[in-house]
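Notes for the one structure printed next.
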Amino acid sequence: MPRRNIVVWFAALVVAVNGFFPAVWILLTSFKTETELIQSPITYWPHAPTLANYDAAFTAQPILRFMLNSLVVASLSTALCVLVGALAAYALTRLRLAHRNLIMSLLLAVAMFPLISLMVPLFKLMRELGLLNTYLALILPYAVLSLPVCTLVMASFFQDIPADLEAAAMVDGCSRVGALFRVVMPLAAPGVFTAAILAFVNAWDEFLLALTMMNRVNMRTLSVGITLYQGEFAFPWPLISAALIIAIVPICILIAVFQERVVGGLTQGGVKG
Amino acid sequence: MKTWKTLTAATIGVVLAASAMGAWAQQTTLRIFTGGQQRPDVMRKIADEYQKRNPNVKVDVEVGGATSEAQQQYLSTVLSSKDSVLDVILIDVIRPAQWAAQGWAEPLDAYLGADKPKILAQYLKAYVDADQVNGKLIALPYFADAQFLYYRKDLLEKYKRPVPKTWDEMMETARIVMEGEKNPQMQGFSTAGAPIEGTVCTYLVPLWGAGSELTKGGKLNLDTPAAREPFQLYGRMKQAGVLPKNIAEIPTDRIRIDMQAGNLLFAMTWSYVWNRLENDADSKVKGKIGVTMLPHDKGGASATCIGGWQLAVSAFSKNKAEAVKFARWLSSPEVSKMQAILASHMPVFPAVFKDSEVLKANPWFADALPVVEGAKSRPVTAQYPQVSDVIRGNMNAYLAGTKTTDVALNDMKSRLAPFLR
Amino acid sequence: MTSGKDLSERALGALLLAPAAALLLVIVVYPIATLFWNSLHAVDNANPAAGETFVAFANYARAFDDERFWRSTWNTVLYVVVTVPGALVVGLALALLANLPFRIKWPVRLGLLLPWALPLVFAGLIFRWFFEYRTGVVNDWLGRLGVEPLQWLSSPTLAFIAISIAIVWKASSFMALILLAGLQTIPRSLYEAAEVDGATRWQQFWEITLPMLAPSIFVALIFRTITAVQTFDIPFAMTGGGPGDSTETLAMYIYKTTLDFLDFGYGSALAALMFLLSLIATSAYLRHTNRA
């Protein structure tokens, strides 16, 4: 139906523009020179597009290393967080535990403290454990930071899975934990993937811990590394834009490739989209 | 026979021990922490030179986050935890009193020993004063800085206006030039207005230019008419349309950017700007810039804010002796000259200002020396962050129009009193 | 239920919760305990020679007399009240739009997820640029529409609006993701049955979509609220708290007190108070779960 198509197209446009606009702006900026940025009125399309910024982005800092560090830290902390969170979410939704609400509240409470105030003791802790400038110094805190949100997101999805499905699996000789991994999690896939993405992006975004725990340049993560592109006093937007594009592109490819699973999920039972 | 054997064994033993110790003493690694704004690339070159001359020392240059906030975050966390990761740290001229109270800096007096008076006599007095707290030497000067008045000499010539000595002259010139140029992008005068450290100077410079001081006899001195002068000056400028409308947003580098694009007539800012305006490929004002002392009130005298960076040795370093040796070299006339030529950092030695090679690279240093010699320091107190916060917050609020002079001054008086008794 | 079964359930529960408990114990219990300990002592790292004396609730009392604490808390409450529903509405709209049947799905979903591929640190800086007086995109577009450029970041109200827009932009992506996953689990058959019954799209939305989404909305709201109470990065990057103190949030004040003034004792008390604020803000949601 033509009218419905227009609505659909308009919707697509809105969502795409909302998300893409800053990214497109950064993309265009990455081809400009610094002087062009201070012209009034401002320019959108670069006057004399240049690749110099990308060249500088790769050479001035080890940006590929930054990306590798971010990917390692984010992936491993996400895996840890989802694993631990799934176990906890299962316990909270499937088992009749005496202090269920208290446990959930405690979990939430952990998220309610500002990281700034926990920095010095956390730094000292990592130092005592000898973990500074190692991946674990970030993997462990990141897993903890996202644990509340992952657990509760997965819990809310686990709750919707009927218990008889597990019962059937257990009759077939599956243990409860086995049922968790073989029955519940696949059915709650959208929730699991959502939790994973939330944890991943929290780790990806994080700045303060990454700044403090890793001071060796080759261990720095992307969010900190990009702020190291500096000239005297200036904030070189073209250079930093190039670095940001380099950083975002792999994420975009990842999302574009996995978005079916991420957003569509593997749910059964007839769903929209 | 036995004696020979023993002697040989002993000699071999000594040789082995010495070489082992030599090997052990071989590699000291020093880490120096600098901000991205203090030319870490030049620091790297200088460190390489040190490594050449001291083969048993390796120097890591650690560049802190882009902004001074990110650096402060990192340093606060690491040094509050008494961590030994850093050996030498580059600190702003406003920090020594704080660092002394916090116990983060290793006092250098013992290391300089009897040479101390001779060494200190070589420096600009302002830095010797800034780096000594309660009789202890907390840091050594690295490079100097002060605020200057930059102006478009081509436009001043065009409209036959003299270089302004007073604020009123400057405002009049700005009015004439802006009316004549009819350029909607052009602004008359700009300085730091965002809630950043530089905005403390934005308040203090007109105060000093009116002949007054922030404290007198150890007490806060804001009940004078001169204390109102900074607010009223910028108020007049705003009304005359000389200040940019969004002055409350303006961070330090914005001033340079606007001047470099040819959109600014007068600017009150730091020395780094000169190099960029004259040498940047995209500068529209090459050869058109003049630098002079800041204006003052009629009857007052020109005053400027001192800046510049100092070398402190971490009190928690595991290599203090080596670190002090490195810091002393970094704070030497030789390195000062290297910095002046490579980075246009102003020297901390009056003698180096007059060096011919330095002047060739930075001809305006000759005029800059008297300004730097007369530069005044911001309040020296262990609680400088709080003091700075009050002054720059109120200056920013006034420029944004959210506070009147009276409200701002009262706030400053009540909140500064506990710190600047 | 025999006690044997209960015991094994409890044992299993403990086993399943053990990894989470271990992680939390190792990583956050010591820092949180230190935080509370600090809040009860005078810990001034700007003056470590003074030692750390026990002062009971003096730090908390100081907060109650501190005008800046109340102002920053008020600013924080404003941000919570504006950006939590704001992000929910925008996020829900985005999720619903993204859920429509597109032939080519990836641009829409990419557009949905892109806002947080951009690190938070840069989101703030980019929006600061967008709202810059002379070189900002927003004023450029206003100019083209014939409107005077606005001083977004140097006027308290406009700065609040600009910051809220930036926060909602970033946070709605988070909400949209959770809500979209929730939307996926609503069986199509419900909508088909409703259409047969003659329900309009609006009715379908209110009576099917929203109720079925309730658990997802609930989770999204809780975490959005907790994060909103801790609002820091975006206003920090955009205005640094200015003009004056007008956009300073409680988290920014804590940051200033702890890392700039180095007053760890007072900073920790403020953090404990922020924790209290989070509890209050989320208690409404939590009471809802207890009933449900």
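Identifiers in this document derive from the order of the structure tokens: chains are assigned A, B, ..., residues are numbered from 1 separately in each chain, and ligands are numbered from 1 in order of occurrence.
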* To do: Give the residues of chain B that lie within 7 Å of chain A; count only C-alpha atoms, and format the answer as a VMD selection string.
  => chain B and resid 36 to 39 65 to 66 74 77 81 253 282
Which polymer residues have any atom within 8 Å of an atom of Asn69 of chain A, counting only C-alpha atoms, with same-chain residues fewer than 4 positions away left out, as a PDB file with N, CA and C atoms, in the first residue's frame?
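Written output follows (selection12.pdb):
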ATOM      1  N   ARG A  65      46.182  -0.234  17.746  1.00  0.00           N
ATOM      2  CA  ARG A  65      46.433  -0.867  19.030  1.00  0.00           C
ATOM      3  C   ARG A  65      45.350  -0.457  20.030  1.00  0.00           C
ATOM      4  N   VAL A  73      39.195  -5.791  25.794  1.00  0.00           N
ATOM      5  CA  VAL A  73      38.615  -5.486  27.095  1.00  0.00           C
ATOM      6  C   VAL A  73      37.097  -5.574  27.042  1.00  0.00           C
ATOM      7  N   TYR A 135      45.076  -6.152  30.974  1.00  0.00           N
ATOM      8  CA  TYR A 135      43.679  -6.140  30.545  1.00  0.00           C
ATOM      9  C   TYR A 135      42.730  -6.402  31.705  1.00  0.00           C
ATOM     10  N   MET A 219      48.759   0.274  25.915  1.00  0.00           N
ATOM     11  CA  MET A 219      47.646  -0.427  26.573  1.00  0.00           C
ATOM     12  C   MET A 219      46.401   0.443  26.618  1.00  0.00           C
ATOM     13  N   ARG A 220      46.498   1.641  26.120  1.00  0.00           N
ATOM     14  CA  ARG A 220      45.356   2.549  26.213  1.00  0.00           C
ATOM     15  C   ARG A 220      44.201   2.061  25.365  1.00  0.00           C
ATOM     16  N   THR A 221      42.993   2.381  25.837  1.00  0.00           N
ATOM     17  CA  THR A 221      41.817   2.029  25.041  1.00  0.00           C
ATOM     18  C   THR A 221      41.463   3.208  24.133  1.00  0.00           C
ATOM     19  N   LEU A 222      40.486   2.963  23.282  1.00  0.00           N
ATOM     20  CA  LEU A 222      40.132   3.929  22.262  1.00  0.00           C
ATOM     21  C   LEU A 222      39.619   5.234  22.849  1.00  0.00           C
TER      22      LEU A 222
END
Find the residues in chain B near chain C: any atom within 8 Å counts, using only C-alpha atoms. Write them as an mmCIF file with C-alpha atoms, in the first residue's frame.
data_model
loop_
_atom_site.group_PDB
_atom_site.id
_atom_site.type_symbol
_atom_site.label_atom_id
_atom_site.label_comp_id
_atom_site.auth_asym_id
_atom_site.auth_seq_id
_atom_site.Cartn_x
_atom_site.Cartn_y
_atom_site.Cartn_z
ATOM 1 C CA GLN B 72 44.361 16.395 37.005
ATOM 2 C CA GLN B 73 42.062 13.351 37.241
ATOM 3 C CA SER B 76 45.021 13.094 41.649
ATOM 4 C CA THR B 77 44.185 9.406 41.593
ATOM 5 C CA SER B 80 46.715 10.220 46.227
ATOM 6 C CA GLN B 98 49.327 22.893 46.678
ATOM 7 C CA TRP B 99 51.858 20.183 46.000
ATOM 8 C CA ALA B 101 50.913 20.903 51.292
ATOM 9 C CA GLN B 102 49.870 17.636 49.704
ATOM 10 C CA GLY B 103 53.326 16.181 50.070
ATOM 11 C CA ALA B 194 34.568 30.028 29.971
ATOM 12 C CA PRO B 195 34.821 28.597 33.507
ATOM 13 C CA LYS B 245 28.425 37.980 22.447
ATOM 14 C CA ASN B 246 29.341 34.477 23.589
ATOM 15 C CA ILE B 247 32.319 35.536 25.690
ATOM 16 C CA ALA B 248 31.164 33.247 28.508
ATOM 17 C CA GLU B 249 31.795 30.291 26.226
ATOM 18 C CA ALA B 382 47.502 25.363 49.208
ATOM 19 C CA GLN B 383 43.812 25.620 48.416
ATOM 20 C CA PRO B 385 41.735 25.002 43.300
ATOM 21 C CA GLN B 386 38.970 26.356 45.530
ATOM 22 C CA GLY B 393 33.017 30.904 38.389
ATOM 23 C CA ASN B 394 31.992 34.435 39.251
ATOM 24 C CA MET B 395 33.793 36.019 36.321
ATOM 25 C CA ASN B 396 32.093 33.538 34.026
ATOM 26 C CA ALA B 397 28.690 34.169 35.607
ATOM 27 C CA TYR B 398 29.125 37.922 35.204
ATOM 28 C CA ALA B 400 27.146 35.330 30.924
ATOM 29 C CA GLY B 401 24.906 37.910 32.511
ATOM 30 C CA THR B 402 23.669 35.619 35.278
#
* Could you list, as an MDAnalysis selection string, every residue of chain A that has an atom within 7 Å of an atom of chain C, counting only C-alpha atoms? -> chainID A and resid 8 11:12 15:16 18:20 38 40 42 84:85 87:88 91 95 97 112:114 116:118 121:122 141 144 149 152:153 156 190:191 194 201 204:205 223 248 251:252 255:256 259 263:264 269:273
Could you dump the residues just selected with N, CA and C atoms as a short mmCIF file (atom, residue, chain, number, x, y, z; two decimals), in the first residue's frame?
data_model
loop_
_atom_site.label_atom_id
_atom_site.label_comp_id
_atom_site.auth_asym_id
_atom_site.auth_seq_id
_atom_site.Cartn_x
_atom_site.Cartn_y
_atom_site.Cartn_z
N VAL A 8 6.47 4.20 6.20
CA VAL A 8 7.65 3.38 6.47
C VAL A 8 8.92 4.09 6.08
N ALA A 11 9.61 6.89 8.46
CA ALA A 11 10.14 6.35 9.72
C ALA A 11 11.61 6.00 9.57
N ALA A 12 11.92 5.34 8.46
CA ALA A 12 13.31 4.95 8.22
C ALA A 12 14.19 6.18 8.21
N VAL A 15 14.72 7.66 11.82
CA VAL A 15 15.65 6.87 12.63
C VAL A 15 17.07 7.01 12.11
N ALA A 16 17.18 6.92 10.78
CA ALA A 16 18.52 6.98 10.20
C ALA A 16 19.16 8.35 10.44
N ASN A 18 18.51 10.58 12.73
CA ASN A 18 18.79 10.76 14.15
C ASN A 18 20.12 10.11 14.52
N GLY A 19 20.31 8.90 14.03
CA GLY A 19 21.52 8.19 14.41
C GLY A 19 22.73 8.63 13.61
N PHE A 20 22.48 8.86 12.31
CA PHE A 20 23.62 9.10 11.45
C PHE A 20 24.15 10.52 11.48
N ILE A 38 36.73 27.05 11.04
CA ILE A 38 36.41 28.29 11.73
C ILE A 38 35.80 29.31 10.81
N SER A 40 33.04 31.33 8.91
CA SER A 40 31.64 31.65 9.13
C SER A 40 31.11 32.19 7.83
N ILE A 42 29.42 28.35 8.33
CA ILE A 42 30.10 27.07 8.35
C ILE A 42 29.87 26.33 7.04
N VAL A 84 28.15 -14.55 34.10
CA VAL A 84 27.83 -14.43 35.52
C VAL A 84 26.40 -13.92 35.70
N GLY A 85 26.03 -12.96 34.87
CA GLY A 85 24.69 -12.40 34.96
C GLY A 85 23.61 -13.40 34.63
N LEU A 87 23.74 -16.66 35.05
CA LEU A 87 23.59 -17.56 36.20
C LEU A 87 22.77 -16.88 37.29
N ALA A 88 23.11 -15.64 37.58
CA ALA A 88 22.40 -14.92 38.63
C ALA A 88 20.94 -14.69 38.24
N ALA A 91 18.99 -17.82 38.70
CA ALA A 91 18.72 -18.07 40.12
C ALA A 91 17.59 -17.18 40.61
N LEU A 95 14.44 -19.95 40.67
CA LEU A 95 14.47 -20.61 41.97
C LEU A 95 13.71 -19.77 42.98
N LEU A 97 13.95 -18.20 45.94
CA LEU A 97 14.93 -17.82 46.94
C LEU A 97 14.30 -16.92 47.98
N MET A 112 24.63 2.36 41.94
CA MET A 112 24.23 3.71 42.33
C MET A 112 25.37 4.57 42.89
N PHE A 113 26.57 4.05 42.90
CA PHE A 113 27.68 4.87 43.40
C PHE A 113 28.46 5.45 42.24
N PRO A 114 28.78 6.76 42.31
CA PRO A 114 29.53 7.36 41.20
C PRO A 114 30.94 6.81 41.16
N ILE A 116 33.66 8.05 40.25
CA ILE A 116 34.71 8.97 40.68
C ILE A 116 35.10 8.73 42.12
N SER A 117 34.09 8.46 42.95
CA SER A 117 34.37 8.30 44.37
C SER A 117 34.97 6.95 44.68
N LEU A 118 34.93 6.04 43.72
CA LEU A 118 35.47 4.71 43.99
C LEU A 118 36.86 4.56 43.37
N PRO A 121 40.36 3.97 45.85
CA PRO A 121 40.48 2.61 46.38
C PRO A 121 40.57 1.54 45.29
N LEU A 122 39.85 1.76 44.18
CA LEU A 122 39.90 0.77 43.10
C LEU A 122 41.30 0.73 42.50
N PRO A 141 36.54 -4.71 36.51
CA PRO A 141 35.61 -3.63 36.87
C PRO A 141 34.49 -3.44 35.85
N VAL A 144 31.83 -5.89 36.41
CA VAL A 144 31.06 -5.53 37.60
C VAL A 144 30.13 -4.36 37.32
N VAL A 149 22.83 -4.26 35.20
CA VAL A 149 21.93 -4.08 34.06
C VAL A 149 21.79 -5.39 33.27
N LEU A 152 19.53 -7.90 35.28
CA LEU A 152 18.10 -7.56 35.32
C LEU A 152 17.46 -7.62 33.94
N VAL A 153 18.20 -7.26 32.90
CA VAL A 153 17.63 -7.37 31.56
C VAL A 153 17.36 -8.84 31.23
N SER A 156 14.42 -10.23 33.18
CA SER A 156 13.10 -9.88 32.69
C SER A 156 12.72 -10.70 31.46
N PRO A 190 16.99 -12.50 22.47
CA PRO A 190 17.01 -11.04 22.35
C PRO A 190 17.49 -10.39 23.64
N GLY A 191 17.04 -10.95 24.78
CA GLY A 191 17.46 -10.39 26.05
C GLY A 191 18.95 -10.58 26.27
N THR A 194 20.79 -8.30 23.99
CA THR A 194 20.65 -6.93 24.47
C THR A 194 21.60 -6.68 25.63
N VAL A 201 28.97 -1.90 25.07
CA VAL A 201 29.07 -0.46 24.84
C VAL A 201 29.44 0.29 26.11
N TRP A 204 33.03 -0.01 26.11
CA TRP A 204 33.58 0.75 24.99
C TRP A 204 33.64 2.24 25.32
N ASP A 205 32.58 2.73 25.94
CA ASP A 205 32.43 4.15 26.26
C ASP A 205 33.31 4.59 27.40
N SER A 223 38.70 5.15 23.83
CA SER A 223 38.09 6.38 24.33
C SER A 223 39.13 7.30 24.94
N ILE A 248 34.84 3.96 14.64
CA ILE A 248 33.43 3.59 14.52
C ILE A 248 33.21 2.56 13.42
N ILE A 251 32.85 -1.08 14.34
CA ILE A 251 31.62 -1.28 15.11
C ILE A 251 30.43 -1.31 14.18
N CYS A 252 30.42 -0.40 13.22
CA CYS A 252 29.29 -0.36 12.29
C CYS A 252 29.21 -1.63 11.49
N ILE A 255 27.85 -4.28 13.68
CA ILE A 255 26.41 -4.12 13.88
C ILE A 255 25.66 -4.52 12.62
N ALA A 256 26.11 -4.03 11.47
CA ALA A 256 25.39 -4.32 10.23
C ALA A 256 25.34 -5.82 9.98
N GLN A 259 23.18 -7.46 13.03
CA GLN A 259 21.96 -6.82 13.53
C GLN A 259 20.75 -7.72 13.48
N VAL A 263 18.94 -7.64 16.88
CA VAL A 263 17.62 -7.04 17.01
C VAL A 263 16.52 -8.06 16.76
N GLY A 264 16.74 -8.92 15.78
CA GLY A 264 15.70 -9.89 15.45
C GLY A 264 15.62 -11.02 16.45
N GLY A 269 7.65 -18.44 17.69
CA GLY A 269 6.29 -18.03 18.05
C GLY A 269 5.84 -16.79 17.35
N GLY A 270 6.32 -16.53 16.20
CA GLY A 270 5.73 -15.47 15.38
C GLY A 270 5.90 -14.08 15.97
N VAL A 271 6.86 -13.38 15.48
CA VAL A 271 7.03 -12.03 15.98
C VAL A 271 7.06 -11.05 14.83
N LYS A 272 6.93 -9.81 15.14
CA LYS A 272 6.91 -8.77 14.11
C LYS A 272 8.32 -8.57 13.55
N GLY A 273 8.35 -8.11 12.35
CA GLY A 273 9.63 -7.73 11.75
C GLY A 273 10.40 -8.95 11.37
#
* To do: Find the spatial neighbours of segment 179-187 of chain B, counting only C-alpha atoms, within a cut-off of 12 Å - ignore same-chain residues fewer than 4 positions away - and output them as an MDAnalysis selection string.
  => (chainID A and resid 38:41) or (chainID B and resid 151:152 155:156 158:160 171:175 191 237:238 240:247 255 258:267) or (chainID C and resid 134:135)
Could you take the residues named above and write them with C-alpha atoms, as a short mmCIF file (atom, residue, chain, number, x, y, z; two decimals), in the first residue's frame?
data_model
loop_
_atom_site.label_atom_id
_atom_site.label_comp_id
_atom_site.auth_asym_id
_atom_site.auth_seq_id
_atom_site.Cartn_x
_atom_site.Cartn_y
_atom_site.Cartn_z
CA ILE A 38 36.41 28.29 11.73
CA GLN A 39 34.86 29.83 8.66
CA SER A 40 31.64 31.65 9.13
CA PRO A 41 29.20 30.68 7.72
CA TYR B 151 46.84 43.43 18.07
CA ARG B 152 46.41 43.78 14.32
CA LEU B 155 44.47 47.71 11.01
CA LEU B 156 45.89 50.10 13.58
CA LYS B 158 45.13 51.83 8.48
CA TYR B 159 43.05 53.83 10.94
CA LYS B 160 46.06 55.72 12.25
CA MET B 171 37.95 50.34 23.37
CA GLU B 172 37.92 53.54 21.34
CA THR B 173 40.27 52.05 18.76
CA ALA B 174 38.14 48.94 18.59
CA ARG B 175 35.04 51.01 18.00
CA THR B 191 39.93 36.82 26.30
CA MET B 237 33.01 46.54 26.62
CA LYS B 238 29.92 44.42 26.26
CA ALA B 240 30.01 48.98 23.35
CA GLY B 241 29.79 45.73 21.38
CA VAL B 242 33.51 45.21 21.65
CA LEU B 243 33.31 41.83 23.39
CA PRO B 244 32.02 38.77 21.54
CA LYS B 245 28.43 37.98 22.45
CA ASN B 246 29.34 34.48 23.59
CA ILE B 247 32.32 35.54 25.69
CA ILE B 255 40.96 33.36 20.92
CA ASP B 258 39.56 33.79 15.85
CA MET B 259 42.68 35.92 15.55
CA GLN B 260 44.24 33.50 13.08
CA ALA B 261 41.17 33.72 10.89
CA GLY B 262 41.45 37.48 10.88
CA ASN B 263 38.32 38.03 12.94
CA LEU B 264 39.81 39.59 16.04
CA LEU B 265 41.38 42.99 16.57
CA PHE B 266 42.75 42.73 20.12
CA ALA B 267 43.38 39.67 22.25
CA ARG C 134 29.46 30.94 15.69
CA THR C 135 30.52 27.65 14.19
#
* Exercise: Arg71 of chain C partners within 10 Å, only C-alpha atoms, chain neighbours under 6 positions left out, as a ChimeraX atom specification -> /C:77,245-250,253
* Asked: What's the 10 Å shell around Ser30 of chain A, counting only C-alpha atoms, without same-chain residues fewer than 2 positions away, as an MDAnalysis selection string?
  -> chainID A and resid 24:28 32:34 46 49:54 237:245
Generate a file of the selected residues that holds C-alpha atoms, formatted as a PDB file, in the first residue's frame.
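Written file, out17.pdb:
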ATOM      1  CA  VAL A  24      28.039  11.992   9.028  1.00  0.00           C
ATOM      2  CA  TRP A  25      29.162  15.318  10.436  1.00  0.00           C
ATOM      3  CA  ILE A  26      32.281  13.689  11.837  1.00  0.00           C
ATOM      4  CA  LEU A  27      32.879  11.956   8.539  1.00  0.00           C
ATOM      5  CA  LEU A  28      32.724  15.216   6.620  1.00  0.00           C
ATOM      6  CA  LYS A  32      38.530  19.098   6.192  1.00  0.00           C
ATOM      7  CA  THR A  33      41.380  21.231   7.434  1.00  0.00           C
ATOM      8  CA  GLU A  34      41.306  23.073  10.727  1.00  0.00           C
ATOM      9  CA  PRO A  46      34.661  19.971   2.526  1.00  0.00           C
ATOM     10  CA  PRO A  49      38.842  17.138   0.741  1.00  0.00           C
ATOM     11  CA  THR A  50      42.047  15.737   2.124  1.00  0.00           C
ATOM     12  CA  LEU A  51      43.160  12.403   3.466  1.00  0.00           C
ATOM     13  CA  ALA A  52      45.892  14.010   5.545  1.00  0.00           C
ATOM     14  CA  ASN A  53      43.918  13.545   8.742  1.00  0.00           C
ATOM     15  CA  TYR A  54      43.603   9.810   8.258  1.00  0.00           C
ATOM     16  CA  TRP A 237      38.699  18.220  15.285  1.00  0.00           C
ATOM     17  CA  PRO A 238      39.663  17.042  11.803  1.00  0.00           C
ATOM     18  CA  LEU A 239      42.322  14.748  13.194  1.00  0.00           C
ATOM     19  CA  ILE A 240      40.114  13.480  15.979  1.00  0.00           C
ATOM     20  CA  SER A 241      37.230  13.017  13.551  1.00  0.00           C
ATOM     21  CA  ALA A 242      39.398  10.837  11.376  1.00  0.00           C
ATOM     22  CA  ALA A 243      40.356   8.812  14.441  1.00  0.00           C
ATOM     23  CA  LEU A 244      36.696   8.503  15.457  1.00  0.00           C
ATOM     24  CA  ILE A 245      35.697   7.281  12.003  1.00  0.00           C
TER      25      ILE A 245
END
* Could you give me the residues within segment 18-164 of chain C that DSSP places in strand (DSSP E or B), as an MDAnalysis selection string? => chainID C and resid 41:42 44 53:54
If you count only C-alpha atoms, which residues fall within 6 Å of Ala192 of chain B, apart from same-chain ones fewer than 2 positions away, as a compact mmCIF listing (two decimals) with N, CA and C atoms, in the first residue's frame?
# COMPACT_ATOMS: atom_id res chain seq x y z
N GLY B 198 42.18 30.01 32.95
CA GLY B 198 42.58 31.29 32.37
C GLY B 198 41.66 32.44 32.75
N THR B 199 40.43 32.13 33.08
CA THR B 199 39.47 33.18 33.41
C THR B 199 39.79 33.84 34.75
N ILE B 250 33.97 31.24 25.74
CA ILE B 250 35.26 31.26 25.06
C ILE B 250 36.38 30.62 25.86
N PRO B 251 36.91 29.48 25.39
CA PRO B 251 38.10 28.92 26.03
C PRO B 251 39.35 29.51 25.37
N THR B 252 40.49 29.21 25.95
CA THR B 252 41.73 29.87 25.54
C THR B 252 42.02 29.76 24.04
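Reported to one decimal place, the separation of atom CA of Asn362 of chain B from atom CA of Ser332 of chain B is 19.2 Å.
The spacing separating atom CA of Met154 of chain A from atom CA of Ile167 of chain C amounts to 25.2 Å.
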* **Residue contacts of segment 131-139 of chain B (6 Å, only C-alpha atoms) excluding same-chain residues fewer than 4 positions away, as a ChimeraX atom specification** => /B:96-97,107-109,127,310-312
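The two atoms in question, atom CA of Glu229 of chain B and atom CA of Ile196 of chain B, are spaced 20.6 Å apart.
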* Just the alpha helix (DSSP H) stuff from segment 97-133 of chain A, please, per backbone DSSP, written as a PyMOL selection string. => chain A and resi 100-110+115-128
Using C-alpha atoms, can you export the residues from the last selection as a short mmCIF file (atom, residue, chain, number, x, y, z; two decimals), in the first residue's frame?
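Saved result, out-v5.cif, follows:
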data_model
loop_
_atom_site.label_atom_id
_atom_site.label_comp_id
_atom_site.auth_asym_id
_atom_site.auth_seq_id
_atom_site.Cartn_x
_atom_site.Cartn_y
_atom_site.Cartn_z
CA ARG A 100 15.13 -12.46 46.10
CA ASN A 101 14.16 -8.82 46.32
CA LEU A 102 16.99 -8.00 48.67
CA ILE A 103 19.49 -9.52 46.29
CA MET A 104 18.08 -7.61 43.34
CA SER A 105 18.18 -4.41 45.38
CA LEU A 106 21.79 -5.02 46.37
CA LEU A 107 22.68 -5.61 42.77
CA LEU A 108 21.05 -2.34 41.81
CA ALA A 109 22.67 -0.55 44.72
CA VAL A 110 26.10 -1.31 43.36
CA LEU A 115 32.70 5.86 39.85
CA ILE A 116 34.71 8.97 40.68
CA SER A 117 34.37 8.30 44.37
CA LEU A 118 35.47 4.71 43.99
CA MET A 119 38.52 5.51 41.86
CA VAL A 120 41.26 5.82 44.45
CA PRO A 121 40.48 2.61 46.38
CA LEU A 122 39.90 0.77 43.10
CA PHE A 123 43.24 1.99 41.79
CA LYS A 124 44.97 0.92 44.98
CA LEU A 125 43.26 -2.48 44.77
CA MET A 126 44.44 -3.06 41.22
CA ARG A 127 47.89 -1.95 42.19
CA GLU A 128 48.03 -4.38 45.11
#
